[in-house]
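Data first, discussion second: the structure below is written as structure tokens.
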Amino acid sequence: MNISITLVLIFMTTFISYQAFGNRDMKARLILNPYSVRHKREYHRLLTHGFIHADWNHLILNMVMLFFFGPSLESAFFYIFGNTWAPVGFVI
């Protein structure tokens, strides 16, 4: 059984965004803040900001677009980078 990276990203993003909607501290720790990245060396923010959204409309629209366009992009990454690097490149 081959699980789509796109579906995993949709699930993770929805779960993390849902959690952050009700938790301001969590959202503040994940959001992209250039000052914190540069001066506090919180490099995790460069990745985690992609998993949080402003509200339900923003989240739903982004996840629908990812659902429809993600598989095509995923296939292109596998074609270009091969089985080893494609998942990493697609997630980044």
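To be explicit about the labels: the chains of the structure tokens are called A, B, and onward in the order shown, and within each one the residues are counted from 1, while ligands get numbers from 1 in the order they are shown.
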
Residues of region 66-87 of chain A within 7 Å of region 4-14 of chain A: nearest atom pair and distance (Å, one decimal) for each, counting only C-alpha atoms, sorted by chain and number, as a Markdown table?
```
| residue | atom | partner | partner_atom | distance |
| --- | --- | --- | --- | --- |
| A:Phe67 | CA | A:Thr6 | CA | 6.8 |
| A:Gly70 | CA | A:Thr6 | CA | 5.5 |
| A:Pro71 | CA | A:Thr6 | CA | 6.5 |
```

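Compared by their closest atoms to Ser72 (chain A), and using only C-alpha atoms, the residues A:Phe90, A:Ala28, A:Gly50, A:Asn33 rank with A:Phe90 nearest.
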
Considering only alpha helix (DSSP H) as DSSP defines it on the backbone, what residues of chain A qualify? List them as a PyMOL selection string. chain A and resi 5-21+24-30+34-39+45-48+56-91

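Remark: for Ile31 (chain A), the closest of the candidate residues A:Leu46, A:Val91, A:Ala86, A:Ile16 is A:Leu46 (distances computed over only C-alpha atoms).
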
Taking only C-alpha atoms into account, name the residue in A:Ser75, A:Asn23, A:Ser17, A:Asn83 that is nearest to His53 (chain A). A:Ser17

Any idea what's packed within 8 Å of region 42-44 of chain A, counting only C-alpha atoms, ignoring anything in its chain fewer than 5 positions away? Could you give it as a tab-separated table (two decimals) with all heavy atoms, in the first residue's frame?
```
chain	number	residue	atom	x	y	z
A	30	LEU	N	4.75	28.59	16.39
A	30	LEU	CA	4.90	28.02	15.05
A	30	LEU	C	4.97	29.04	13.93
A	30	LEU	O	5.53	28.78	12.88
A	30	LEU	CB	3.74	27.05	14.76
A	30	LEU	CG	3.61	25.86	15.70
A	30	LEU	CD1	2.40	25.03	15.31
A	30	LEU	CD2	4.86	25.02	15.72
A	36	SER	N	12.71	36.18	15.31
A	36	SER	CA	12.99	34.99	16.11
A	36	SER	C	13.90	34.01	15.37
A	36	SER	O	14.73	33.34	15.98
A	36	SER	CB	11.69	34.28	16.50
A	36	SER	OG	10.94	35.10	17.36
A	37	VAL	N	13.73	33.94	14.06
A	37	VAL	CA	14.58	33.05	13.27
A	37	VAL	C	16.02	33.55	13.29
A	37	VAL	O	16.96	32.79	13.55
A	37	VAL	CB	14.08	32.93	11.82
A	37	VAL	CG1	15.07	32.16	10.95
A	37	VAL	CG2	12.71	32.26	11.78
```
